[in-house]
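J.: Sharing coords33.pdb (PDB, C-alpha atoms) below.
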ATOM      1  CA  MET S  13      87.971  11.657  -2.529
ATOM      2  CA  PHE S  14      90.549   9.286  -3.939
ATOM      3  CA  ILE S  15      90.842  11.365  -7.143
ATOM      4  CA  VAL S  16      91.738  14.450  -5.094
ATOM      5  CA  LEU S  17      94.244  12.479  -3.036
ATOM      6  CA  LYS S  18      95.809  11.068  -6.191
ATOM      7  CA  ASN S  19      96.301  14.519  -7.641
ATOM      8  CA  ARG S  20      97.971  15.772  -4.465
ATOM      9  CA  LEU S  21     100.256  12.811  -3.842
ATOM     10  CA  PRO S  22     103.828  13.022  -5.145
ATOM     11  CA  VAL S  23     104.614  10.823  -8.101
ATOM     12  CA  LEU S  24     106.182   7.663  -6.674
ATOM     13  CA  LYS S  25     107.329   4.823  -8.856
ATOM     14  CA  GLY S  26     108.107   1.194  -8.127
ATOM     15  CA  ARG S  27     107.198  -1.088  -5.254
ATOM     16  CA  ARG S  28     108.482   1.310  -2.597
ATOM     17  CA  GLY S  29     106.296   4.079  -3.929
ATOM     18  CA  GLN S  30     103.246   1.823  -3.956
ATOM     19  CA  LEU S  31     103.893   0.833  -0.343
ATOM     20  CA  LEU S  32     104.206   4.463   0.704
ATOM     21  CA  VAL S  33     100.920   5.335  -0.977
ATOM     22  CA  LEU S  34      99.216   2.316   0.620
ATOM     23  CA  GLY S  35     100.587   3.303   4.038
ATOM     24  CA  PHE S  36      99.308   6.846   3.590
ATOM     25  CA  LEU S  37      95.822   5.650   2.667
ATOM     26  CA  LEU S  38      95.673   3.168   5.547
ATOM     27  CA  GLY S  39      96.757   5.874   7.974
ATOM     28  CA  LEU S  40      94.054   8.178   6.648
ATOM     29  CA  ILE S  41      91.385   5.501   6.999
ATOM     30  CA  LEU S  42      92.480   4.698  10.556
ATOM     31  CA  SER S  43      92.460   8.360  11.563
ATOM     32  CA  LEU S  44      88.933   8.770  10.209
ATOM     33  CA  ALA S  45      87.821   5.661  12.071
ATOM     34  CA  VAL S  46      89.312   6.929  15.335
ATOM     35  CA  ALA S  47      87.573  10.275  14.874
ATOM     36  CA  ALA S  48      84.251   8.574  14.185
ATOM     37  CA  PHE S  49      84.451   6.309  17.229
ATOM     38  CA  SER S  50      86.437   8.463  19.643
ATOM     39  CA  GLU S  51      83.486   8.802  22.029
ATOM     40  CA  THR S  52      83.122   5.042  22.320
ATOM     41  CA  ALA S  53      86.861   4.670  22.841
ATOM     42  CA  LEU S  54      86.710   7.112  25.715
ATOM     43  CA  PHE S  55      83.848   5.187  27.272
ATOM     44  CA  HIS S  56      85.917   1.985  27.370
ATOM     45  CA  ASN S  57      89.434   3.261  28.004
ATOM     46  CA  PRO S  58      91.373   0.154  29.183
ATOM     47  CA  PHE S  59      93.708   2.325  31.266
ATOM     48  CA  ARG S  60      90.889   3.493  33.527
ATOM     49  CA  HIS S  61      89.253   1.729  36.451
ATOM     50  CA  TYR S  62      85.740   2.559  35.269
ATOM     51  CA  THR S  63      83.738   2.903  32.086
ATOM     52  CA  TYR S  64      81.420   5.776  31.260
ATOM     53  CA  SER S  65      78.486   5.533  28.863
ATOM     54  CA  THR S  66      75.256   7.301  28.035
ATOM     55  CA  TYR S  67      72.016   5.524  27.196
ATOM     56  CA  LYS S  68      68.570   6.644  26.123
ATOM     57  CA  SER S  69      65.426   4.696  26.893
ATOM     58  CA  ALA S  70      62.477   4.265  24.545
ATOM     59  CA  GLY S  71      60.629   6.766  26.729
ATOM     60  CA  GLY S  72      63.317   9.392  26.162
ATOM     61  CA  VAL S  73      65.135   9.233  29.522
ATOM     62  CA  LYS S  74      68.872   9.776  29.105
ATOM     63  CA  LEU S  75      71.118   8.067  31.655
ATOM     64  CA  HIS S  76      74.751   8.848  32.374
ATOM     65  CA  ALA S  77      76.377   5.671  33.695
ATOM     66  CA  MET S  78      79.680   4.910  35.366
ATOM     67  CA  ARG S  79      80.481   1.218  35.815
ATOM     68  CA  THR S  80      83.154   0.126  38.269
ATOM     69  CA  SER S  81      83.984  -2.607  40.771
ATOM     70  CA  PRO S  82      82.712  -2.474  44.361
ATOM     71  CA  ASP S  83      86.220  -2.505  45.806
ATOM     72  CA  ASN S  84      86.902   0.709  43.886
ATOM     73  CA  ILE S  85      84.366   2.671  45.950
ATOM     74  CA  GLU S  86      85.012   4.935  48.913
ATOM     75  CA  LEU S  87      82.158   6.780  50.607
ATOM     76  CA  LYS S  88      83.304  10.316  51.366
ATOM     77  CA  HIS S  89      82.035  13.252  53.365
ATOM     78  CA  ILE S  90      82.322  16.450  51.298
ATOM     79  CA  ARG S  91      81.042  20.018  51.434
ATOM     80  CA  SER S  92      81.027  20.865  47.757
ATOM     81  CA  ASN S  93      79.430  20.245  44.414
ATOM     82  CA  VAL S  94      80.781  16.918  43.150
ATOM     83  CA  THR S  95      82.082  18.627  40.004
ATOM     84  CA  ASN S  96      84.185  21.005  42.114
ATOM     85  CA  THR S  97      86.077  18.202  43.838
ATOM     86  CA  GLU S  98      89.062  16.263  42.534
ATOM     87  CA  GLU S  99      87.067  13.034  42.863
ATOM     88  CA  PHE S 100      85.414  10.905  40.216
ATOM     89  CA  GLY S 101      81.994   9.565  41.199
ATOM     90  CA  ILE S 102      78.466  10.685  42.028
ATOM     91  CA  ASN S 103      76.447  12.192  44.865
ATOM     92  CA  GLY S 104      75.390   9.993  47.753
ATOM     93  CA  GLY S 105      72.335   9.889  50.002
ATOM     94  CA  PHE S 106      70.015  12.484  51.475
ATOM     95  CA  PHE S 107      71.057  15.346  53.757
ATOM     96  CA  TRP S 108      69.718  18.439  55.483
ATOM     97  CA  ASN S 109      71.680  21.440  56.757
ATOM     98  CA  GLY S 110      74.887  19.462  56.449
ATOM     99  CA  ASP S 111      73.613  16.448  58.399
ATOM    100  CA  LEU S 112      73.616  13.096  56.605
ATOM    101  CA  LEU S 113      70.126  11.577  56.578
ATOM    102  CA  SER S 114      71.201   8.323  54.894
ATOM    103  CA  ILE S 115      73.562   5.591  56.026
ATOM    104  CA  ALA S 116      77.115   6.149  54.795
ATOM    105  CA  VAL S 117      79.418   3.669  56.526
ATOM    106  CA  MET S 118      82.860   2.284  55.734
ATOM    107  CA  ASN S 119      83.960  -0.770  57.747
ATOM    108  CA  ASP S 120      81.387  -0.089  60.484
ATOM    109  CA  LYS S 121      82.379   3.569  60.879
ATOM    110  CA  PRO S 122      80.154   6.443  59.750
ATOM    111  CA  ILE S 123      81.971   8.843  57.445
ATOM    112  CA  ARG S 124      81.054  11.898  59.551
ATOM    113  CA  GLY S 125      81.161  11.635  63.322
ATOM    114  CA  VAL S 126      80.705   8.570  65.501
ATOM    115  CA  PRO S 127      78.250   5.628  65.548
ATOM    116  CA  HIS S 128      74.676   6.507  66.583
ATOM    117  CA  GLU S 129      75.354  10.255  66.330
ATOM    118  CA  TYR S 130      72.657  12.185  64.459
ATOM    119  CA  GLY S 131      73.735  13.179  60.958
ATOM    120  CA  SER S 132      76.923  11.113  61.037
ATOM    121  CA  GLY S 133      75.935   8.625  58.347
ATOM    122  CA  TRP S 134      75.092   5.889  60.857
ATOM    123  CA  THR S 135      71.314   6.083  60.395
ATOM    124  CA  ASN S 136      68.650   6.305  57.713
ATOM    125  CA  ILE S 137      66.762   9.084  59.475
ATOM    126  CA  ASP S 138      63.003   8.672  60.159
ATOM    127  CA  TYR S 139      62.375   5.371  58.344
ATOM    128  CA  PRO S 140      64.073   2.045  57.636
ATOM    129  CA  LYS S 141      65.268   2.470  54.049
ATOM    130  CA  GLY S 142      66.957   0.560  51.277
ATOM    131  CA  THR S 143      70.700   0.411  51.884
ATOM    132  CA  LEU S 144      73.174  -0.887  49.309
ATOM    133  CA  VAL S 145      75.756  -3.081  51.031
ATOM    134  CA  TRP S 146      78.997  -4.460  49.648
ATOM    135  CA  ASP S 147      80.126  -7.383  51.825
ATOM    136  CA  GLU S 148      83.780  -7.680  50.853
ATOM    137  CA  ALA S 149      84.402 -10.872  52.829
ATOM    138  CA  ALA S 150      81.469 -12.629  51.130
ATOM    139  CA  GLY S 151      82.081 -10.992  47.754
ATOM    140  CA  ALA S 152      78.403 -10.114  47.511
ATOM    141  CA  PHE S 153      76.054  -7.150  47.184
ATOM    142  CA  SER S 154      72.683  -6.835  48.886
ATOM    143  CA  VAL S 155      70.035  -4.217  49.495
ATOM    144  CA  GLN S 156      68.910  -4.269  53.121
ATOM    145  CA  VAL S 157      66.023  -2.218  54.516
ATOM    146  CA  VAL S 158      67.299  -0.958  57.869
ATOM    147  CA  GLU S 159      67.252   2.124  60.051
ATOM    148  CA  GLY S 160      70.724   1.887  61.579
ATOM    149  CA  ALA S 161      74.067   0.476  60.434
ATOM    150  CA  ASN S 162      74.109  -1.819  63.477
ATOM    151  CA  GLN S 163      71.198  -3.722  61.880
ATOM    152  CA  LEU S 164      73.135  -4.587  58.724
ATOM    153  CA  GLN S 165      73.924  -8.250  58.153
ATOM    154  CA  VAL S 166      77.530  -8.633  56.981
ATOM    155  CA  THR S 167      80.195 -11.331  57.220
ATOM    156  CA  ASP S 168      82.983  -9.164  58.661
ATOM    157  CA  ARG S 169      82.178  -5.763  60.154
ATOM    158  CA  SER S 170      85.667  -4.525  59.346
ATOM    159  CA  ARG S 171      85.271  -5.243  55.617
ATOM    160  CA  TYR S 172      82.185  -3.661  54.083
ATOM    161  CA  TRP S 173      80.638  -0.428  52.956
ATOM    162  CA  ALA S 174      76.972   0.591  53.054
ATOM    163  CA  GLN S 175      75.201   3.406  51.219
ATOM    164  CA  GLY S 176      71.675   4.367  52.193
ATOM    165  CA  GLY S 177      68.971   5.687  49.879
ATOM    166  CA  VAL S 178      65.569   4.276  48.884
ATOM    167  CA  SER S 179      64.946   0.766  47.548
ATOM    168  CA  MET S 180      64.566   0.347  43.792
ATOM    169  CA  ALA S 181      63.320  -3.190  44.456
ATOM    170  CA  LEU S 182      64.176  -4.276  40.911
ATOM    171  CA  GLY S 183      62.874  -7.791  41.472
ATOM    172  CA  ALA S 184      59.666  -6.835  43.255
ATOM    173  CA  GLY S 185      57.427  -6.366  40.228
ATOM    174  CA  ALA S 186      54.580  -3.890  40.734
ATOM    175  CA  LYS S 187      55.150  -3.848  44.494
ATOM    176  CA  TRP S 188      58.279  -1.721  44.128
ATOM    177  CA  ALA S 189      56.293   1.538  44.160
ATOM    178  CA  GLU S 190      54.599   0.653  47.441
ATOM    179  CA  GLN S 191      57.999  -0.028  48.988
ATOM    180  CA  ALA S 192      59.474   3.227  47.684
ATOM    181  CA  ARG S 193      56.566   5.207  49.125
ATOM    182  CA  LYS S 194      56.919   3.333  52.413
ATOM    183  CA  GLU S 195      60.530   4.544  52.516
ATOM    184  CA  ASP S 196      59.343   8.122  51.869
ATOM    185  CA  MET S 197      60.817   8.550  48.386
ATOM    186  CA  PRO S 198      60.705  12.319  47.661
ATOM    187  CA  ALA S 199      58.845  13.836  44.698
ATOM    188  CA  PHE S 200      57.709  10.423  43.459
ATOM    189  CA  GLY S 201      55.592  11.626  40.535
ATOM    190  CA  GLU S 202      57.367  14.909  39.819
ATOM    191  CA  ALA S 203      59.887  15.500  37.058
ATOM    192  CA  ARG S 204      63.231  15.928  38.817
ATOM    193  CA  LEU S 205      66.836  14.995  38.134
ATOM    194  CA  ARG S 206      67.457  11.503  39.532
ATOM    195  CA  SER S 207      70.427   9.429  40.636
ATOM    196  CA  GLY S 208      70.945   5.855  41.774
ATOM    197  CA  ALA S 209      73.314   2.933  42.228
ATOM    198  CA  VAL S 210      72.576  -0.595  40.974
ATOM    199  CA  TYR S 211      74.516  -3.828  40.612
ATOM    200  CA  ASP S 212      74.417  -6.706  38.148
ATOM    201  CA  LYS S 213      74.993 -10.457  38.264
ATOM    202  CA  GLN S 214      78.736  -9.983  37.703
ATOM    203  CA  ASN S 215      78.982  -7.656  40.737
ATOM    204  CA  ASN S 216      79.548  -4.598  38.569
ATOM    205  CA  LEU S 217      78.418  -1.415  40.272
ATOM    206  CA  TRP S 218      76.595   1.122  38.077
ATOM    207  CA  LEU S 219      76.437   4.763  39.230
ATOM    208  CA  LEU S 220      73.618   6.557  37.426
ATOM    209  CA  VAL S 221      72.417  10.124  36.890
ATOM    210  CA  SER S 222      69.578  11.211  34.618
ATOM    211  CA  GLY S 223      70.356  13.782  31.962
ATOM    212  CA  GLU S 224      67.019  15.549  32.298
ATOM    213  CA  PRO S 225      64.240  15.674  34.914
ATOM    214  CA  CYS S 226      61.998  12.609  35.098
ATOM    215  CA  THR S 227      59.672  10.924  37.568
ATOM    216  CA  VAL S 228      60.753   8.099  39.848
ATOM    217  CA  PRO S 229      58.889   5.455  37.778
ATOM    218  CA  GLU S 230      60.379   6.816  34.536
ATOM    219  CA  PHE S 231      63.901   6.688  35.947
ATOM    220  CA  ARG S 232      63.519   3.161  37.292
ATOM    221  CA  SER S 233      61.954   1.937  34.037
ATOM    222  CA  ALA S 234      64.840   3.406  32.033
ATOM    223  CA  VAL S 235      67.380   1.728  34.323
ATOM    224  CA  LEU S 236      65.763  -1.674  33.790
ATOM    225  CA  GLU S 237      65.558  -1.131  30.034
ATOM    226  CA  VAL S 238      69.045   0.084  29.132
ATOM    227  CA  ILE S 239      71.482  -0.781  31.949
ATOM    228  CA  ALA S 240      72.819  -4.336  31.534
ATOM    229  CA  PRO S 241      69.444  -5.642  30.304
ATOM    230  CA  GLY S 242      68.503  -8.920  31.966
ATOM    231  CA  GLN S 243      71.577  -8.773  34.217
ATOM    232  CA  LEU S 244      70.610  -6.266  36.907
ATOM    233  CA  VAL S 245      69.920  -7.609  40.384
ATOM    234  CA  ASP S 246      68.946  -4.651  42.572
ATOM    235  CA  GLY S 247      69.847  -1.145  43.659
ATOM    236  CA  ILE S 248      68.794   2.067  45.347
ATOM    237  CA  PHE S 249      67.695   5.576  44.508
ATOM    238  CA  LEU S 250      70.118   8.205  45.794
ATOM    239  CA  ASP S 251      69.412  11.879  46.428
ATOM    240  CA  GLY S 252      67.891  13.640  43.450
ATOM    241  CA  ASP S 253      66.892  16.974  41.976
ATOM    242  CA  GLY S 254      69.793  19.455  42.118
ATOM    243  CA  SER S 255      71.843  16.989  44.161
ATOM    244  CA  SER S 256      72.125  14.623  41.178
ATOM    245  CA  GLN S 257      75.773  15.140  40.281
ATOM    246  CA  MET S 258      78.554  13.218  38.536
ATOM    247  CA  ARG S 259      82.181  13.820  37.675
ATOM    248  CA  ASN S 260      84.644  11.816  35.585
ATOM    249  CA  SER S 261      87.086  12.517  32.757
ATOM    250  CA  GLN S 262      84.255  12.611  30.201
ATOM    251  CA  ALA S 263      81.383  14.292  32.053
ATOM    252  CA  ALA S 264      80.708  16.954  34.669
ATOM    253  CA  LEU S 265      77.058  17.038  35.769
ATOM    254  CA  LYS S 266      76.542  19.681  38.442
ATOM    255  CA  GLY S 267      72.800  19.442  39.099
ATOM    256  CA  ASP S 268      71.713  22.939  40.135
ATOM    257  CA  SER S 269      75.239  23.758  41.396
ATOM    258  CA  ARG S 270      74.360  23.172  45.062
ATOM    259  CA  GLU S 271      76.744  21.721  47.622
ATOM    260  CA  VAL S 272      76.232  18.120  48.682
ATOM    261  CA  TYR S 273      77.680  16.476  51.767
ATOM    262  CA  GLN S 274      78.391  12.939  50.704
ATOM    263  CA  MET S 275      79.472  11.069  47.584
ATOM    264  CA  LEU S 276      80.485   7.684  46.219
ATOM    265  CA  ALA S 277      84.035   8.297  45.007
ATOM    266  CA  LEU S 278      86.372   6.102  42.994
ATOM    267  CA  ARG S 279      89.512   4.988  44.817
ATOM    268  CA  ARG S 280      91.294   4.532  41.497
ATOM    269  CA  LYS S 281      90.412   6.533  38.396
TER     270      LYS S 281
END
Just give me the structure of the file as structure tokens.
T.:
Amino acid sequence: MFIVLKNRLPVLKGRRGQLLVLGFLLGLILSLAVAAFSETALFHNPFRHYTYSTYKSAGGVKLHAMRTSPDNIELKHIRSNVTNTEEFGINGGFFWNGDLLSIAVMNDKPIRGVPHEYGSGWTNIDYPKGTLVWDEAAGAFSVQVVEGANQLQVTDRSRYWAQGGVSMALGAGAKWAEQARKEDMPAFGEARLRSGAVYDKQNNLWLLVSGEPCTVPEFRSAVLEVIAPGQLVDGIFLDGDGSSQMRNSQAALKGDSREVYQMLALRRK
């Protein structure tokens, strides 16, 4: 390569010429390096309020991951595929015919309707289920198994958000599966697209979508293996199958193109 470059460079004599040649070569090397690592650079763009990465577990499960801070999250009611919105984020909890079947509350207010109204986001319908709670006043995450938002334990009811789903129970050992079944986790052993939200010891929030269909145990195992290994605390499964959707500046995952009715959106991109 250097022989070809030498033949094509103009003949430059003296110290100035040497410096010009050196500058040209350094610029070429830097441009090649940027091209080689451009994907990583996009993942960790310092001008963005999130990072995006992909990981692959030993079992072959690919995870798309957005990491952000809990104060950068807004739970939103939508009627669209996540990729067709202007938001960055992922799908939220379960729904049916437009009604929200999982808790979706901002500062003690459901995102659709009024407290205690069916389908408003106030209740985990049918069963008490794992609900991811960010207590802003305490500066702490928790996963609380509740049926209604009024049962949540928070420091200041005007300063929190809560997203319902199904408990991942990351610290429960083998008992996690029993808990997930108790919370009526859909299609437990079937290969489906999956999504979830987990947090680590530094209070980073990780929004996750699988790249290909997998079972609930496969998804959870991959999360424990590749997402902040040894640092994860807990999290929840969100809606799955064709509802598993993500949008950011690097990825647009549309599931099966269906509309969803709730998402975790970034306040700042």
J.: Counting only C-alpha atoms, which of S:Asn103, S:Thr135, S:Gln191, S:Ser170 gets nearest to S:Val158?
T.: S:Thr135
J.: Ranking S:Val166, S:Val245, S:Met258, S:Ala209 by minimum distance to S:Ala150 and counting only C-alpha atoms, which one comes first?
T.: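 Selected residue with least distance to S:Ala150: S:Val166.
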J.: Which is closest to S:Gly252 among S:Ala186, S:Val73, S:Leu205, S:Leu87, if we use all atoms listed in the file?
T.: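 Closest residue, counting all atoms listed in the file: S:Leu205.
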J.: Around the point (75.6, -9.5, 50.0) (coordinates from the file), which residues reach within 12 Å if we count only C-alpha atoms? Answer as a PyMOL selection string.
T.: chain S and resi 82+143-156+164-168+171-174+211+213+215+245-247
J.: Which residue out of S:Tyr139, S:Tyr62, S:Trp108, S:Phe231 has the minimum interatomic distance to S:Lys194 when all atoms listed in the file are used?
T.: S:Tyr139
J.: For stretch 221-224 of chain S, list every protein, DNA or RNA residue within 6 Å, evaluated using all atoms listed in the file, and leave out those in the same chain fewer than 4 positions away; present the list as number ranges by chain.
T.: S: 74-76, 205-207
J.: Could you tell me how far atom CA of S:Phe107 lies from atom CA of S:Arg204, in Å and to one decimal?
T.: 16.9 Å
J.: So which residues touch S:Val117 within 12 Å, counting all atoms listed in the file, skipping near sequence neighbours fewer than 4 positions away, as an MDAnalysis selection string?
T.: chainID S and resid 85:89 104:105 112 121:128 131:136 143:146 160:162 164 169:176 274:276
J.: Grab the residues selected above and save them as a PDB file, in the frame of the given file with C-alpha atoms.
T.:
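Contents of the output file result.pdb:
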ATOM      1  CA  ILE S  85      84.366   2.671  45.950  1.00  0.00           C
ATOM      2  CA  GLU S  86      85.012   4.935  48.913  1.00  0.00           C
ATOM      3  CA  LEU S  87      82.158   6.780  50.607  1.00  0.00           C
ATOM      4  CA  LYS S  88      83.304  10.316  51.366  1.00  0.00           C
ATOM      5  CA  HIS S  89      82.035  13.252  53.365  1.00  0.00           C
ATOM      6  CA  GLY S 104      75.390   9.993  47.753  1.00  0.00           C
ATOM      7  CA  GLY S 105      72.335   9.889  50.002  1.00  0.00           C
ATOM      8  CA  LEU S 112      73.616  13.096  56.605  1.00  0.00           C
ATOM      9  CA  LYS S 121      82.379   3.569  60.879  1.00  0.00           C
ATOM     10  CA  PRO S 122      80.154   6.443  59.750  1.00  0.00           C
ATOM     11  CA  ILE S 123      81.971   8.843  57.445  1.00  0.00           C
ATOM     12  CA  ARG S 124      81.054  11.898  59.551  1.00  0.00           C
ATOM     13  CA  GLY S 125      81.161  11.635  63.322  1.00  0.00           C
ATOM     14  CA  VAL S 126      80.705   8.570  65.501  1.00  0.00           C
ATOM     15  CA  PRO S 127      78.250   5.628  65.548  1.00  0.00           C
ATOM     16  CA  HIS S 128      74.676   6.507  66.583  1.00  0.00           C
ATOM     17  CA  GLY S 131      73.735  13.179  60.958  1.00  0.00           C
ATOM     18  CA  SER S 132      76.923  11.113  61.037  1.00  0.00           C
ATOM     19  CA  GLY S 133      75.935   8.625  58.347  1.00  0.00           C
ATOM     20  CA  TRP S 134      75.092   5.889  60.857  1.00  0.00           C
ATOM     21  CA  THR S 135      71.314   6.083  60.395  1.00  0.00           C
ATOM     22  CA  ASN S 136      68.650   6.305  57.713  1.00  0.00           C
ATOM     23  CA  THR S 143      70.700   0.411  51.884  1.00  0.00           C
ATOM     24  CA  LEU S 144      73.174  -0.887  49.309  1.00  0.00           C
ATOM     25  CA  VAL S 145      75.756  -3.081  51.031  1.00  0.00           C
ATOM     26  CA  TRP S 146      78.997  -4.460  49.648  1.00  0.00           C
ATOM     27  CA  GLY S 160      70.724   1.887  61.579  1.00  0.00           C
ATOM     28  CA  ALA S 161      74.067   0.476  60.434  1.00  0.00           C
ATOM     29  CA  ASN S 162      74.109  -1.819  63.477  1.00  0.00           C
ATOM     30  CA  LEU S 164      73.135  -4.587  58.724  1.00  0.00           C
ATOM     31  CA  ARG S 169      82.178  -5.763  60.154  1.00  0.00           C
ATOM     32  CA  SER S 170      85.667  -4.525  59.346  1.00  0.00           C
ATOM     33  CA  ARG S 171      85.271  -5.243  55.617  1.00  0.00           C
ATOM     34  CA  TYR S 172      82.185  -3.661  54.083  1.00  0.00           C
ATOM     35  CA  TRP S 173      80.638  -0.428  52.956  1.00  0.00           C
ATOM     36  CA  ALA S 174      76.972   0.591  53.054  1.00  0.00           C
ATOM     37  CA  GLN S 175      75.201   3.406  51.219  1.00  0.00           C
ATOM     38  CA  GLY S 176      71.675   4.367  52.193  1.00  0.00           C
ATOM     39  CA  GLN S 274      78.391  12.939  50.704  1.00  0.00           C
ATOM     40  CA  MET S 275      79.472  11.069  47.584  1.00  0.00           C
ATOM     41  CA  LEU S 276      80.485   7.684  46.219  1.00  0.00           C
TER      42      LEU S 276
END
J.: Take atom CA of S:Leu217 and atom CA of S:Ser179 and report the distance between them in Å, one decimal.
T.: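 Separation between atom CA of S:Leu217 and atom CA of S:Ser179: 15.5 Å.
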J.: Run through the PyMOL selection byres ((chain S and resi 92) around 7) on the given coordinates and return the selected residues as a list in words.
T.: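 Checking the PyMOL selection byres ((chain S and resi 92) around 7) against this file, the residues are Ile90, Arg91, Asn93, Val94, Asn96, Thr97, Glu271, Val272 and Tyr273 of chain S.
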J.: Determine the nearest neighbour of S:Phe249 from the options S:Asp111, S:Asp196, S:Asp138, S:Asp268, counting all atoms listed in the file.
T.: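 Looking at the shortest contact to S:Phe249, the residue is S:Asp196.
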J.: Kindly indicate which residue among S:Gln163, S:Gln262, S:Thr80, S:Ser65 lies nearest to S:Asp212, using only C-alpha atoms for the distances.
T.: S:Thr80
J.: Enumerate, as number ranges by chain, the residues matched when the PyMOL selection byres ((chain S and resi 99) around 7) is run on the file above.
T.: S: 97-98, 100-101, 277-278
J.: Taking (89.7, -1.7, 37.4) in the coordinates of the supplied file, I want to know which residues reach to within 9 Å of it, counting all atoms listed in the file; could you give the answer as a PyMOL selection string?
T.: chain S and resi 58-62+80-81+84+280-281
J.: Go ahead and compute the interatomic distance for atom CA of S:Leu113 and atom CA of S:Gly267, in Å to one decimal.
T.: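 Here the two named atoms are 19.4 Å from each other.
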J.: Take every atom of stretch 204-209 of chain S listed in the file, fit an axis-aligned box around them, add 4 Å per side, and give the centre and edge lengths in Å to one decimal as lines of an AutoDock Vina configuration file.
T.:
center_x = 68.3
center_y = 9.4
center_z = 40.2
size_x = 18.1
size_y = 21.0
size_z = 12.1
